[in-house]
Every structure is written in structure tokens, then in C-alpha cells.
Amino acid sequence: MKTATVERIQQEYQENITDKIEAWLTNKNIGHCGVGKGVLANSDQCFYERGLIETRDLAAVSAKAAGLEKEADRMSHCGKSFSFARCTKCGECIGHPYHCDERLCPTCYYRNLARFMYRHRNSWDPTRGFLIVTMDYGSYRYYQVDDGMAYAKTIHQELLTRSPLLRGGVYHIELVWDEEYHYYHILYHYMVNGDSNHAFLFAWAVDGNARLHDYQAFNDYNRAEGYFIRRCCQYPANILLDYTKVAWYLGLMKRRKLIQGFGEFYRMSGGLNRGSHGRSRRKCPACGGKLSYVGLTTGKYVVWDNKLKCYTVDPAAPVLRGGYCDR
């Protein structure tokens with residue numbers, strides 16, 4: 001990574017991230033990019049082409065400076081390595097692109113966000129339009145944010161109870177730093193089926209305990225999803241690229257989900273598709289035997305097997321050493 005100050009990269013990130021994510025959304029194929037590897041190509045290629053590598057590298061530096069050595073090590077391997085396991089029955093080595101899933105990692109942040117939206121795609125009613133509403137649940141100093149989050153959750157639950165017309169949707173929690181007054185705004189971004197008239201149901205339901213910050217109505221789902229990801233769910237670079245705030249932010253969000261479904265969307269947000277997917281990865285696609293985890297290796301030892309429809313790894317592949325990958 002080129003030598004650069006945190007301040008410069010933060011500024012460039014804030015200026016360019018909207019265009020980068022918009023370009024990615026324009027070319028995306030959720031979950032699979034299909035670049036020369038069939039249907040299971042590494043989805044991180046999309047992000048890399050949009051310039052998020054430098055941001056991830058800076059996030060790893062920030063994590064390391066904050067004393068989070070293991071998290072920094074995981075991010076340093078994210079998208080560059082393959083996790084692989086060996087079948088205990090036939091000895092075949094099966095690989096998967098490695099994603100660290102760290103909250104600090106911008107590539108995993110957008111990857112998981114895209115997967116989340118994709119899981120809910122068929123739950124929307126395209127005939128009712130789409131509405132994105134932003135509610136402001138107050139401003140707090142950094143030592144008050146935890147209490148502010150608890151307050152926002154209470155008002156959020158009351159809002160859903162008082163608005164039975166909202167059949168369901170998704171919401172995202174965002175902390176916005178006010179540089180002038182030195183406090184954080186707690187914003188909830190809601191995406192629901194409805195038109196602009198439904199926005200005032202939110203203002204009515206909170207009964208003066210929160211403020212209607214903004215709303216946008218769309219007739220097309222793709223435009224609504226694009227706006228929601230680009231404008232409402234941006235990677236919190238001003239927090240996570242500042243090593244003095246990293247530990248505080250991770251502690252604050254440890255037991256909180258930044259994005260979640262509610263109403264009819266809640267069960268899907270619980271990850272109903274994850275269990276079977278996870279179990280399928282424990283079986284060898286060649287013989288059905290049990291896979292035993294080995295570690296991480298580099299892409300030079302991995303090839304796509306058209307017959308098995310998965311990545312296979314050279315049995316002699318070296319296992320990466322250091323931190324998380326030690327064996």
C-alpha cells in the first residue's frame with residue numbers, strides 16, 4: 001500500500017465512495033461475479049475493481065494500531081486467500097474464497113449487505129412502491145451513545161407497534177458524527193413498501209420522541225435498493241479508520257445488528273438459508289464424506305473443478321502461517 005496519511009485517505013474515501021458503490025451496483029451480480037470461473041466466482045472481485053482494497057488495508061492498519069492483531073490478520077487475508085478442508089474419506093481438498101466477516105472490513109461489509117438485500121428480494125410487493133424513511137433518534141456525546149442506542153431501540157419498537165399498516169421491511173442503524181458540535185446522531189433508515197404518504201405515519205407513530213429526518217419514494221425496486229445501499233448504508237469510514245474509535249465502536253455494536261428485517265421480513269433476516277448452506281459445506285462434493293478444516297492457502301494452489309462445481313486445492317499446498325492461520 002502506498003504511503004499516505006489517515007486523513008488523506010479518509011477524505012478521498014468520503015468523496016469517492018458513492019461513485020464507487022454506484023458503479024459496483026450497476027455491474028453487480030449478487031453473490032457471484034462470473035469472471036471466468038462459472039457461477040461460483042469470487043464476489044470480492046467486484047469490490048476490488050472499485051478501489052476498496054486500499055480502504056480495507058487502512059482498516060487493517062487501524063485495527064492493528066488499536067491492538068486488534070487477530071482482526072487485522074484476518075482482514076489481511078480476506079479476498080486474497082482460500083480456506084480449504086480435506087475429506088477424511090477420499091482425501092480430496094476442497095477450497096472456498098476466504099472472507100473474514102470482520103465488522104471492520106469494508107469488502108465484507110458491502111458483500112454481506114448485498115447478500116442480506118438479495119435474501120429479501122422476493123419478499124417485496126412490487127405493486128405497492130418503495131419508501132425509504134430516515135428517523136433521527138437524537139444526538140449524543142460519545143459516552144452517551146450506548147444509552148442513546150437503548151432509547152432508540154425502545155422508540156423503534158413502539159413505532160412498529162403503533163404502525164400496523166407497515167407489513168414489514170428492513171432497517172439499518174447509522175451513527176453520524178457531527179464535526180461542528182462533536183456529537184453523534186443516531187439514525188434509523190427504514191425501507192418499506194409504500195408511497196410518500198406513509199412517511200408521515202412514521203412521524204405520527206414516534207409521537208414526538210424522534211424526528212423525521214428524510215424520506216424518498218421509488219416505483220422501481222432496483223433504484224430503491226441502490227439508494228438504500230449507497231446513501232443509507234455507507235461503510236462508517238470516519239469511525240473505523242480512526243484507530244482511537246475502533247475498540248469503542250466494536251464494543252458498542254457487539255450485540256447489535258446494524259441491519260435487520262422486521263414484520264414479515266424478520267424470519268428471513270434470521271438466516272433461514274444459512275443453516276443448510278453451512279451444512280452442505282461440511283460434506284465432500286466428490287464422495288459425500290466429512291470435510292476437516294486445514295487452513296488458508298494462496299490462490300496459486302487452487303483451481304476450479306467444472307465437474308464438481310467447486311474449487312479444489314493441491315494436497316501439497318502450504319498452509320499460511322501467522323496469527324489466525326497458525327496450525
# chains A, B, ... in the order shown; residues from 1 in each chain; ligands from 1

$ select_by_dssp --residues "segment 93-274 of chain A" --states "strand (DSSP E)" --output "JSON, numbers by chain"
{"A": [93, 94, 95, 96, 97, 130, 131, 132, 133, 134, 135, 136, 137, 138, 139, 140, 168, 169, 170, 171, 172, 173, 174, 175, 176, 177, 178, 183, 184, 185, 186, 187, 188, 189, 190, 191, 192, 193, 211, 212, 213, 214, 215, 216, 217, 218, 259, 260, 261, 262, 263]}

$ write_last_selection --atoms "N, CA and C atoms" --output "short mmCIF file (atom, residue, chain, number, x, y, z; two decimals), in the first residue's frame"
data_model
loop_
_atom_site.label_atom_id
_atom_site.label_comp_id
_atom_site.auth_asym_id
_atom_site.auth_seq_id
_atom_site.Cartn_x
_atom_site.Cartn_y
_atom_site.Cartn_z
N CYS A 93 -9.17 -32.23 -1.44
CA CYS A 93 -9.10 -30.94 -0.75
C CYS A 93 -10.02 -29.95 -1.44
N ILE A 94 -10.99 -29.42 -0.69
CA ILE A 94 -12.00 -28.52 -1.23
C ILE A 94 -11.76 -27.11 -0.67
N GLY A 95 -11.77 -26.11 -1.56
CA GLY A 95 -11.50 -24.75 -1.14
C GLY A 95 -12.69 -23.82 -1.32
N HIS A 96 -12.68 -22.73 -0.58
CA HIS A 96 -13.67 -21.67 -0.69
C HIS A 96 -12.95 -20.34 -0.58
N PRO A 97 -13.36 -19.33 -1.35
CA PRO A 97 -12.77 -18.00 -1.17
C PRO A 97 -12.93 -17.56 0.29
N PHE A 130 -41.97 1.67 -3.21
CA PHE A 130 -40.94 1.51 -2.18
C PHE A 130 -40.64 2.86 -1.53
N LEU A 131 -40.54 2.83 -0.23
CA LEU A 131 -40.32 4.06 0.53
C LEU A 131 -39.13 3.87 1.47
N ILE A 132 -38.24 4.84 1.47
CA ILE A 132 -37.10 4.84 2.39
C ILE A 132 -37.24 6.04 3.30
N VAL A 133 -37.34 5.77 4.59
CA VAL A 133 -37.55 6.82 5.60
C VAL A 133 -36.37 6.82 6.57
N THR A 134 -35.87 7.99 6.89
CA THR A 134 -34.79 8.14 7.87
C THR A 134 -35.32 8.87 9.09
N MET A 135 -35.21 8.21 10.25
CA MET A 135 -35.64 8.80 11.51
C MET A 135 -34.42 9.14 12.36
N ASP A 136 -34.44 10.33 12.95
CA ASP A 136 -33.35 10.80 13.82
C ASP A 136 -33.77 10.58 15.26
N TYR A 137 -33.04 9.71 15.97
CA TYR A 137 -33.37 9.39 17.36
C TYR A 137 -32.52 10.16 18.37
N GLY A 138 -31.97 11.27 17.94
CA GLY A 138 -31.30 12.15 18.90
C GLY A 138 -29.81 12.25 18.69
N SER A 139 -29.21 13.20 19.42
CA SER A 139 -27.77 13.47 19.34
C SER A 139 -27.13 13.22 20.70
N TYR A 140 -25.95 12.60 20.69
CA TYR A 140 -25.34 12.17 21.95
C TYR A 140 -23.82 12.33 21.89
N GLY A 168 -43.99 -4.90 6.89
CA GLY A 168 -42.63 -5.35 7.13
C GLY A 168 -41.65 -4.62 6.24
N GLY A 169 -40.38 -4.81 6.52
CA GLY A 169 -39.33 -4.17 5.74
C GLY A 169 -37.99 -4.42 6.38
N VAL A 170 -37.02 -3.60 6.05
CA VAL A 170 -35.70 -3.70 6.63
C VAL A 170 -35.29 -2.33 7.16
N TYR A 171 -34.40 -2.34 8.14
CA TYR A 171 -33.88 -1.07 8.65
C TYR A 171 -32.39 -1.20 8.92
N HIS A 172 -31.71 -0.07 8.86
CA HIS A 172 -30.27 0.00 9.08
C HIS A 172 -29.97 1.10 10.09
N ILE A 173 -29.08 0.81 11.04
CA ILE A 173 -28.70 1.78 12.07
C ILE A 173 -27.40 2.46 11.65
N GLU A 174 -27.38 3.78 11.74
CA GLU A 174 -26.19 4.53 11.35
C GLU A 174 -25.84 5.55 12.43
N LEU A 175 -24.55 5.65 12.74
CA LEU A 175 -24.02 6.70 13.60
C LEU A 175 -23.38 7.75 12.72
N VAL A 176 -23.82 8.98 12.85
CA VAL A 176 -23.29 10.07 12.05
C VAL A 176 -22.60 11.08 12.97
N TRP A 177 -21.32 11.30 12.72
CA TRP A 177 -20.54 12.22 13.55
C TRP A 177 -20.73 13.65 13.08
N ASP A 178 -21.06 14.55 14.01
CA ASP A 178 -21.21 15.97 13.73
C ASP A 178 -19.91 16.66 14.12
N TYR A 183 -20.82 15.58 18.43
CA TYR A 183 -21.68 14.53 18.96
C TYR A 183 -22.15 13.64 17.82
N TYR A 184 -22.76 12.52 18.19
CA TYR A 184 -23.24 11.55 17.21
C TYR A 184 -24.75 11.62 17.08
N HIS A 185 -25.21 11.58 15.82
CA HIS A 185 -26.64 11.39 15.55
C HIS A 185 -26.90 9.90 15.40
N ILE A 186 -27.97 9.41 15.98
CA ILE A 186 -28.40 8.02 15.78
C ILE A 186 -29.54 8.03 14.78
N LEU A 187 -29.28 7.47 13.61
CA LEU A 187 -30.27 7.43 12.54
C LEU A 187 -30.70 5.99 12.27
N TYR A 188 -32.00 5.81 12.07
CA TYR A 188 -32.55 4.53 11.60
C TYR A 188 -33.08 4.78 10.19
N HIS A 189 -32.58 3.99 9.24
CA HIS A 189 -33.06 4.07 7.86
C HIS A 189 -34.00 2.89 7.61
N TYR A 190 -35.24 3.16 7.27
CA TYR A 190 -36.23 2.12 7.02
C TYR A 190 -36.53 2.03 5.52
N MET A 191 -36.62 0.81 5.02
CA MET A 191 -37.07 0.57 3.66
C MET A 191 -38.31 -0.31 3.73
N VAL A 192 -39.43 0.21 3.22
CA VAL A 192 -40.71 -0.48 3.31
C VAL A 192 -41.46 -0.36 1.98
N ASN A 193 -42.49 -1.18 1.83
CA ASN A 193 -43.42 -0.98 0.73
C ASN A 193 -44.34 0.18 1.07
N ARG A 211 -37.41 12.39 15.28
CA ARG A 211 -37.66 13.37 14.23
C ARG A 211 -37.56 12.71 12.85
N LEU A 212 -38.53 13.04 11.99
CA LEU A 212 -38.48 12.58 10.60
C LEU A 212 -37.38 13.36 9.89
N HIS A 213 -36.29 12.70 9.58
CA HIS A 213 -35.12 13.36 9.02
C HIS A 213 -35.21 13.50 7.50
N ASP A 214 -35.69 12.45 6.82
CA ASP A 214 -35.74 12.47 5.36
C ASP A 214 -36.57 11.29 4.87
N TYR A 215 -37.07 11.38 3.64
CA TYR A 215 -37.72 10.24 3.02
C TYR A 215 -37.63 10.36 1.51
N GLN A 216 -37.63 9.18 0.84
CA GLN A 216 -37.57 9.10 -0.61
C GLN A 216 -38.50 7.98 -1.06
N ALA A 217 -39.26 8.22 -2.11
CA ALA A 217 -40.18 7.22 -2.65
C ALA A 217 -39.71 6.77 -4.03
N PHE A 218 -39.89 5.48 -4.32
CA PHE A 218 -39.46 4.91 -5.60
C PHE A 218 -40.55 3.97 -6.12
N ILE A 259 -28.14 -4.05 10.50
CA ILE A 259 -29.23 -4.17 9.54
C ILE A 259 -30.06 -5.38 9.91
N GLN A 260 -31.39 -5.21 9.84
CA GLN A 260 -32.29 -6.26 10.29
C GLN A 260 -33.63 -6.10 9.60
N GLY A 261 -34.36 -7.20 9.51
CA GLY A 261 -35.71 -7.16 8.98
C GLY A 261 -36.71 -7.06 10.11
N PHE A 262 -37.90 -6.57 9.82
CA PHE A 262 -38.96 -6.52 10.82
C PHE A 262 -40.28 -6.91 10.16
N GLY A 263 -41.26 -7.24 11.00
CA GLY A 263 -42.56 -7.67 10.47
C GLY A 263 -42.41 -8.97 9.70
#

$ closest_residue --among "A:Ala66, A:His99, A:Gly288, A:Arg223" --to "Ala247 of chain A" --atoms "only C-alpha atoms"
A:Ala66

$ closest_residue --among "A:Ala224, A:Leu252, A:Leu240, A:Cys87" --to "Tyr142 of chain A" --atoms "only C-alpha atoms"
A:Leu252

$ residues_around --residues "Ser81 of chain A" --least-positions-apart "6" --cutoff "12 Å" --atoms "only C-alpha atoms" --output "PDB file with C-alpha atoms, in the first residue's frame"
ATOM      1  CA  ASN A  42     -15.179 -14.821  -6.096  1.00  0.00           C
ATOM      2  CA  ASP A  44     -14.845  -9.778  -3.926  1.00  0.00           C
ATOM      3  CA  ASP A  73      -4.571 -10.580  10.340  1.00  0.00           C
ATOM      4  CA  ARG A  74      -7.940 -11.879   9.171  1.00  0.00           C
ATOM      5  CA  MET A  75      -8.506  -8.764   7.078  1.00  0.00           C
ATOM      6  CA  GLY A  95     -11.498 -24.749  -1.145  1.00  0.00           C
ATOM      7  CA  HIS A  96     -13.670 -21.671  -0.691  1.00  0.00           C
ATOM      8  CA  PRO A  97     -12.773 -17.999  -1.165  1.00  0.00           C
ATOM      9  CA  TYR A  98     -11.888 -16.695   2.286  1.00  0.00           C
ATOM     10  CA  HIS A  99     -13.931 -13.815   3.689  1.00  0.00           C
ATOM     11  CA  CYS A 100     -13.018 -12.561   7.155  1.00  0.00           C
ATOM     12  CA  GLY A 295      -6.323 -23.714   6.990  1.00  0.00           C
ATOM     13  CA  LEU A 296      -5.737 -20.971   4.427  1.00  0.00           C
ATOM     14  CA  THR A 297      -3.650 -21.083   1.275  1.00  0.00           C
ATOM     15  CA  THR A 298      -2.959 -18.829  -1.690  1.00  0.00           C
ATOM     16  CA  GLY A 299      -4.850 -18.823  -4.973  1.00  0.00           C
ATOM     17  CA  LYS A 300      -1.936 -20.288  -6.966  1.00  0.00           C
ATOM     18  CA  TYR A 301      -2.723 -23.730  -5.500  1.00  0.00           C
ATOM     19  CA  VAL A 302      -6.462 -23.527  -6.220  1.00  0.00           C
ATOM     20  CA  VAL A 313      -6.814 -27.400  -3.741  1.00  0.00           C
ATOM     21  CA  ALA A 317      -0.471 -26.589  -0.834  1.00  0.00           C
ATOM     22  CA  PRO A 318       1.286 -24.795   2.043  1.00  0.00           C
ATOM     23  CA  VAL A 319      -0.805 -23.505   4.915  1.00  0.00           C
ATOM     24  CA  LEU A 320      -0.378 -19.802   5.582  1.00  0.00           C
ATOM     25  CA  CYS A 325      -3.834 -19.065  10.362  1.00  0.00           C
TER      26      CYS A 325
END

$ atom_distance --atom1 "atom CA of Asp146 of chain A" --atom2 "atom CA of Asp57 of chain A"
28.5 Å

$ residues_around --residues "segment 157-162 of chain A" --least-positions-apart "5" --cutoff "10 Å" --atoms "only C-alpha atoms" --output "mmCIF file with N, CA and C atoms, in the first residue's frame"
data_model
loop_
_atom_site.group_PDB
_atom_site.id
_atom_site.type_symbol
_atom_site.label_atom_id
_atom_site.label_comp_id
_atom_site.auth_asym_id
_atom_site.auth_seq_id
_atom_site.Cartn_x
_atom_site.Cartn_y
_atom_site.Cartn_z
ATOM 1 N N ALA A 152 -33.207 4.575 21.395
ATOM 2 C CA ALA A 152 -33.655 4.458 20.008
ATOM 3 C C ALA A 152 -34.347 3.117 19.762
ATOM 4 N N ARG A 167 -46.403 -3.692 6.824
ATOM 5 C CA ARG A 167 -46.384 -5.159 6.824
ATOM 6 C C ARG A 167 -45.002 -5.717 7.109
ATOM 7 N N GLY A 168 -43.990 -4.904 6.887
ATOM 8 C CA GLY A 168 -42.628 -5.346 7.134
ATOM 9 C C GLY A 168 -41.648 -4.618 6.244
ATOM 10 N N LEU A 201 -46.702 8.501 8.582
ATOM 11 C CA LEU A 201 -47.077 7.529 9.601
ATOM 12 C C LEU A 201 -45.931 7.333 10.597
ATOM 13 N N PHE A 202 -44.699 7.408 10.099
ATOM 14 C CA PHE A 202 -43.540 7.289 10.974
ATOM 15 C C PHE A 202 -43.505 8.456 11.960
ATOM 16 N N ALA A 203 -43.703 9.669 11.440
ATOM 17 C CA ALA A 203 -43.674 10.846 12.304
ATOM 18 C C ALA A 203 -44.785 10.775 13.345
ATOM 19 N N TRP A 204 -45.959 10.260 12.948
ATOM 20 C CA TRP A 204 -47.066 10.139 13.894
ATOM 21 C C TRP A 204 -46.780 9.067 14.938
ATOM 22 N N ALA A 205 -46.206 7.949 14.498
ATOM 23 C CA ALA A 205 -46.018 6.807 15.392
ATOM 24 C C ALA A 205 -45.000 7.084 16.495
ATOM 25 N N VAL A 206 -43.994 7.899 16.239
ATOM 26 C CA VAL A 206 -42.982 8.162 17.268
ATOM 27 C C VAL A 206 -43.467 9.182 18.289
ATOM 28 N N ASP A 207 -44.580 9.857 18.002
ATOM 29 C CA ASP A 207 -45.245 10.721 18.978
ATOM 30 C C ASP A 207 -44.294 11.754 19.599
ATOM 31 N N ASN A 209 -41.105 11.643 19.938
ATOM 32 C CA ASN A 209 -39.891 11.107 20.576
ATOM 33 C C ASN A 209 -38.724 10.947 19.603
ATOM 34 N N ALA A 210 -38.953 11.241 18.338
ATOM 35 C CA ALA A 210 -37.907 11.204 17.317
ATOM 36 C C ALA A 210 -38.320 12.168 16.211
ATOM 37 N N PHE A 262 -37.896 -6.569 9.815
ATOM 38 C CA PHE A 262 -38.963 -6.518 10.818
ATOM 39 C C PHE A 262 -40.278 -6.907 10.160
ATOM 40 N N GLY A 263 -41.265 -7.238 10.996
ATOM 41 C CA GLY A 263 -42.555 -7.667 10.474
ATOM 42 C C GLY A 263 -42.408 -8.967 9.703
#

$ closest_residue --among "A:Tyr181, A:Tyr266, A:Trp304, A:Tyr243" --to "Ala72 of chain A" --atoms "only C-alpha atoms"
A:Tyr243

$ residues_around --residues "Pro126 of chain A" --least-positions-apart "6" --cutoff "9 Å" --atoms "only C-alpha atoms" --output "list in words"
Asn193, Asn219, Asp220 and Tyr221 of chain A

$ select_by_dssp --residues "segment 147-312 of chain A" --states "alpha helix (DSSP H)" --output "short mmCIF file (atom, residue, chain, number, x, y, z; two decimals) with N, CA and C atoms, in the first residue's frame"
data_model
loop_
_atom_site.label_atom_id
_atom_site.label_comp_id
_atom_site.auth_asym_id
_atom_site.auth_seq_id
_atom_site.Cartn_x
_atom_site.Cartn_y
_atom_site.Cartn_z
N ASP A 147 -26.48 4.60 25.85
CA ASP A 147 -27.83 4.88 26.35
C ASP A 147 -28.73 5.36 25.22
N GLY A 148 -28.16 6.12 24.30
CA GLY A 148 -28.94 6.60 23.16
C GLY A 148 -29.41 5.47 22.28
N MET A 149 -28.57 4.46 22.10
CA MET A 149 -28.96 3.30 21.29
C MET A 149 -30.09 2.52 21.95
N ALA A 150 -30.03 2.41 23.28
CA ALA A 150 -31.10 1.73 24.01
C ALA A 150 -32.41 2.50 23.87
N TYR A 151 -32.32 3.82 23.96
CA TYR A 151 -33.51 4.67 23.81
C TYR A 151 -34.08 4.53 22.40
N ALA A 152 -33.21 4.57 21.39
CA ALA A 152 -33.66 4.46 20.01
C ALA A 152 -34.35 3.12 19.76
N LYS A 153 -33.82 2.05 20.36
CA LYS A 153 -34.43 0.73 20.18
C LYS A 153 -35.84 0.71 20.76
N THR A 154 -36.02 1.34 21.93
CA THR A 154 -37.34 1.38 22.55
C THR A 154 -38.34 2.13 21.67
N ILE A 155 -37.95 3.30 21.17
CA ILE A 155 -38.84 4.08 20.32
C ILE A 155 -39.10 3.36 19.00
N HIS A 156 -38.09 2.69 18.48
CA HIS A 156 -38.24 1.91 17.26
C HIS A 156 -39.30 0.81 17.44
N GLN A 157 -39.25 0.10 18.55
CA GLN A 157 -40.22 -0.96 18.81
C GLN A 157 -41.62 -0.39 18.98
N GLU A 158 -41.73 0.78 19.62
CA GLU A 158 -43.03 1.43 19.76
C GLU A 158 -43.57 1.86 18.40
N LEU A 159 -42.66 2.33 17.54
CA LEU A 159 -43.07 2.75 16.19
C LEU A 159 -43.69 1.58 15.43
N LEU A 160 -43.05 0.41 15.49
CA LEU A 160 -43.57 -0.75 14.77
C LEU A 160 -44.90 -1.22 15.35
N THR A 161 -45.06 -1.08 16.66
CA THR A 161 -46.31 -1.47 17.30
C THR A 161 -47.45 -0.53 16.92
N ARG A 162 -47.15 0.76 16.82
CA ARG A 162 -48.17 1.76 16.53
C ARG A 162 -48.49 1.89 15.05
N ALA A 199 -44.74 8.07 4.85
CA ALA A 199 -43.66 8.65 5.64
C ALA A 199 -44.19 9.37 6.87
N PHE A 200 -45.36 9.96 6.74
CA PHE A 200 -45.91 10.70 7.87
C PHE A 200 -46.49 9.78 8.94
N LEU A 201 -46.70 8.50 8.58
CA LEU A 201 -47.08 7.53 9.60
C LEU A 201 -45.93 7.33 10.60
N PHE A 202 -44.70 7.41 10.10
CA PHE A 202 -43.54 7.29 10.97
C PHE A 202 -43.50 8.46 11.96
N ALA A 203 -43.70 9.67 11.44
CA ALA A 203 -43.67 10.85 12.30
C ALA A 203 -44.79 10.77 13.35
N TRP A 204 -45.96 10.26 12.95
CA TRP A 204 -47.07 10.14 13.89
C TRP A 204 -46.78 9.07 14.94
N ALA A 205 -46.21 7.95 14.50
CA ALA A 205 -46.02 6.81 15.39
C ALA A 205 -45.00 7.08 16.49
N TYR A 221 -37.79 -1.28 -7.73
CA TYR A 221 -37.03 -1.86 -6.62
C TYR A 221 -35.53 -1.63 -6.75
N ASN A 222 -34.97 -1.79 -7.94
CA ASN A 222 -33.53 -1.65 -8.12
C ASN A 222 -33.06 -0.25 -7.75
N ARG A 223 -33.84 0.75 -8.10
CA ARG A 223 -33.48 2.12 -7.72
C ARG A 223 -33.57 2.31 -6.22
N ALA A 224 -34.59 1.71 -5.60
CA ALA A 224 -34.74 1.83 -4.15
C ALA A 224 -33.60 1.13 -3.43
N GLU A 225 -33.26 -0.09 -3.88
CA GLU A 225 -32.16 -0.82 -3.27
C GLU A 225 -30.84 -0.07 -3.44
N GLY A 226 -30.61 0.47 -4.63
CA GLY A 226 -29.38 1.20 -4.89
C GLY A 226 -29.25 2.42 -3.98
N TYR A 227 -30.34 3.15 -3.81
CA TYR A 227 -30.31 4.33 -2.94
C TYR A 227 -30.07 3.91 -1.49
N ALA A 237 -16.51 4.93 7.57
CA ALA A 237 -15.07 5.14 7.47
C ALA A 237 -14.55 6.12 8.52
N ASN A 238 -15.34 7.16 8.81
CA ASN A 238 -14.85 8.17 9.76
C ASN A 238 -14.69 7.62 11.17
N ILE A 239 -15.28 6.46 11.43
CA ILE A 239 -15.12 5.81 12.74
C ILE A 239 -14.10 4.68 12.66
N LEU A 240 -14.29 3.78 11.70
CA LEU A 240 -13.48 2.56 11.66
C LEU A 240 -12.06 2.77 11.13
N TYR A 243 -8.17 4.72 14.54
CA TYR A 243 -7.84 3.65 15.49
C TYR A 243 -8.26 3.99 16.93
N THR A 244 -8.42 5.28 17.25
CA THR A 244 -8.82 5.66 18.61
C THR A 244 -10.29 5.36 18.87
N LYS A 245 -11.07 5.11 17.81
CA LYS A 245 -12.51 4.87 17.96
C LYS A 245 -12.90 3.42 17.71
N VAL A 246 -11.97 2.63 17.20
CA VAL A 246 -12.30 1.27 16.77
C VAL A 246 -12.83 0.41 17.91
N ALA A 247 -12.07 0.33 19.01
CA ALA A 247 -12.47 -0.52 20.13
C ALA A 247 -13.80 -0.07 20.70
N TRP A 248 -13.99 1.25 20.81
CA TRP A 248 -15.26 1.80 21.33
C TRP A 248 -16.42 1.38 20.44
N TYR A 249 -16.26 1.49 19.12
CA TYR A 249 -17.34 1.17 18.19
C TYR A 249 -17.67 -0.32 18.22
N LEU A 250 -16.65 -1.16 18.22
CA LEU A 250 -16.89 -2.60 18.24
C LEU A 250 -17.58 -3.03 19.54
N GLY A 251 -17.18 -2.42 20.65
CA GLY A 251 -17.85 -2.72 21.91
C GLY A 251 -19.29 -2.27 21.90
N LEU A 252 -19.54 -1.11 21.28
CA LEU A 252 -20.90 -0.57 21.20
C LEU A 252 -21.81 -1.46 20.36
N MET A 253 -21.28 -1.99 19.26
CA MET A 253 -22.09 -2.76 18.32
C MET A 253 -21.99 -4.28 18.52
N TYR A 266 -38.83 -10.44 9.19
CA TYR A 266 -37.98 -10.80 10.32
C TYR A 266 -37.43 -12.23 10.22
N ARG A 267 -38.29 -13.18 9.84
CA ARG A 267 -37.85 -14.58 9.79
C ARG A 267 -36.76 -14.78 8.74
N MET A 268 -36.88 -14.09 7.61
CA MET A 268 -35.85 -14.20 6.59
C MET A 268 -34.53 -13.62 7.08
N SER A 269 -34.58 -12.54 7.86
CA SER A 269 -33.36 -11.93 8.39
C SER A 269 -32.67 -12.85 9.39
N ARG A 274 -29.08 -19.94 5.82
CA ARG A 274 -27.68 -20.14 6.19
C ARG A 274 -27.39 -21.55 6.70
N GLY A 275 -28.34 -22.13 7.44
CA GLY A 275 -28.08 -23.42 8.06
C GLY A 275 -27.77 -24.52 7.06
N SER A 276 -28.64 -24.66 6.05
CA SER A 276 -28.44 -25.71 5.06
C SER A 276 -27.19 -25.44 4.25
N HIS A 277 -26.92 -24.15 3.95
CA HIS A 277 -25.73 -23.81 3.19
C HIS A 277 -24.48 -24.19 3.96
N GLY A 278 -24.49 -23.90 5.26
CA GLY A 278 -23.34 -24.22 6.09
C GLY A 278 -23.12 -25.71 6.20
N ARG A 279 -24.21 -26.48 6.31
CA ARG A 279 -24.08 -27.94 6.43
C ARG A 279 -23.55 -28.56 5.14
N SER A 280 -23.96 -27.99 3.98
CA SER A 280 -23.51 -28.54 2.70
C SER A 280 -22.01 -28.38 2.54
#

$ atom_distance --atom1 "atom CA of Val294 of chain A" --atom2 "atom CA of Phe82 of chain A"
10.8 Å

$ atom_distance --atom1 "atom CA of Arg86 of chain A" --atom2 "atom CA of Arg111 of chain A"
26.6 Å

$ closest_residue --among "A:Arg121, A:Phe228, A:Cys284, A:Gly208" --to "Cys310 of chain A" --atoms "only C-alpha atoms"
A:Cys284

$ closest_residue --among "A:Val61, A:Cys105, A:Lys283, A:Phe116" --to "Ile229 of chain A" --atoms "only C-alpha atoms"
A:Phe116

$ decode --residues "segment 122-171 of chain A" --atoms "C-alpha atoms" --output "mmCIF file, in the first residue's frame"
data_model
loop_
_atom_site.group_PDB
_atom_site.id
_atom_site.type_symbol
_atom_site.label_atom_id
_atom_site.label_comp_id
_atom_site.auth_asym_id
_atom_site.auth_seq_id
_atom_site.Cartn_x
_atom_site.Cartn_y
_atom_site.Cartn_z
ATOM 1 C CA ASN A 122 -38.624 -11.852 -3.319
ATOM 2 C CA SER A 123 -40.421 -10.692 -0.161
ATOM 3 C CA TRP A 124 -41.265 -7.256 -1.547
ATOM 4 C CA ASP A 125 -44.561 -6.376 -3.233
ATOM 5 C CA PRO A 126 -43.509 -4.564 -6.439
ATOM 6 C CA THR A 127 -47.028 -3.173 -6.993
ATOM 7 C CA ARG A 128 -47.005 -1.011 -3.856
ATOM 8 C CA GLY A 129 -43.926 1.099 -4.492
ATOM 9 C CA PHE A 130 -40.944 1.509 -2.177
ATOM 10 C CA LEU A 131 -40.324 4.056 0.534
ATOM 11 C CA ILE A 132 -37.100 4.837 2.387
ATOM 12 C CA VAL A 133 -37.545 6.816 5.603
ATOM 13 C CA THR A 134 -34.792 8.135 7.869
ATOM 14 C CA MET A 135 -35.637 8.801 11.511
ATOM 15 C CA ASP A 136 -33.347 10.799 13.815
ATOM 16 C CA TYR A 137 -33.370 9.392 17.361
ATOM 17 C CA GLY A 138 -31.301 12.152 18.898
ATOM 18 C CA SER A 139 -27.771 13.471 19.342
ATOM 19 C CA TYR A 140 -25.337 12.167 21.947
ATOM 20 C CA ARG A 141 -21.783 12.621 23.179
ATOM 21 C CA TYR A 142 -19.627 9.512 22.722
ATOM 22 C CA TYR A 143 -20.126 8.457 26.355
ATOM 23 C CA GLN A 144 -23.916 8.765 25.937
ATOM 24 C CA VAL A 145 -24.255 6.779 22.714
ATOM 25 C CA ASP A 146 -24.858 3.428 24.450
ATOM 26 C CA ASP A 147 -27.826 4.882 26.349
ATOM 27 C CA GLY A 148 -28.942 6.598 23.164
ATOM 28 C CA MET A 149 -28.955 3.297 21.295
ATOM 29 C CA ALA A 150 -31.105 1.725 24.006
ATOM 30 C CA TYR A 151 -33.514 4.670 23.808
ATOM 31 C CA ALA A 152 -33.655 4.458 20.008
ATOM 32 C CA LYS A 153 -34.428 0.732 20.182
ATOM 33 C CA THR A 154 -37.340 1.382 22.551
ATOM 34 C CA ILE A 155 -38.844 4.084 20.316
ATOM 35 C CA HIS A 156 -38.242 1.908 17.255
ATOM 36 C CA GLN A 157 -40.216 -0.958 18.814
ATOM 37 C CA GLU A 158 -43.031 1.426 19.761
ATOM 38 C CA LEU A 159 -43.073 2.749 16.193
ATOM 39 C CA LEU A 160 -43.567 -0.752 14.772
ATOM 40 C CA THR A 161 -46.309 -1.473 17.303
ATOM 41 C CA ARG A 162 -48.174 1.764 16.533
ATOM 42 C CA SER A 163 -47.939 1.310 12.734
ATOM 43 C CA PRO A 164 -49.719 -1.964 11.889
ATOM 44 C CA LEU A 165 -50.008 -0.809 8.258
ATOM 45 C CA LEU A 166 -46.301 -1.489 7.854
ATOM 46 C CA ARG A 167 -46.384 -5.159 6.824
ATOM 47 C CA GLY A 168 -42.628 -5.346 7.134
ATOM 48 C CA GLY A 169 -39.331 -4.172 5.735
ATOM 49 C CA VAL A 170 -35.695 -3.699 6.634
ATOM 50 C CA TYR A 171 -33.876 -1.073 8.652
#
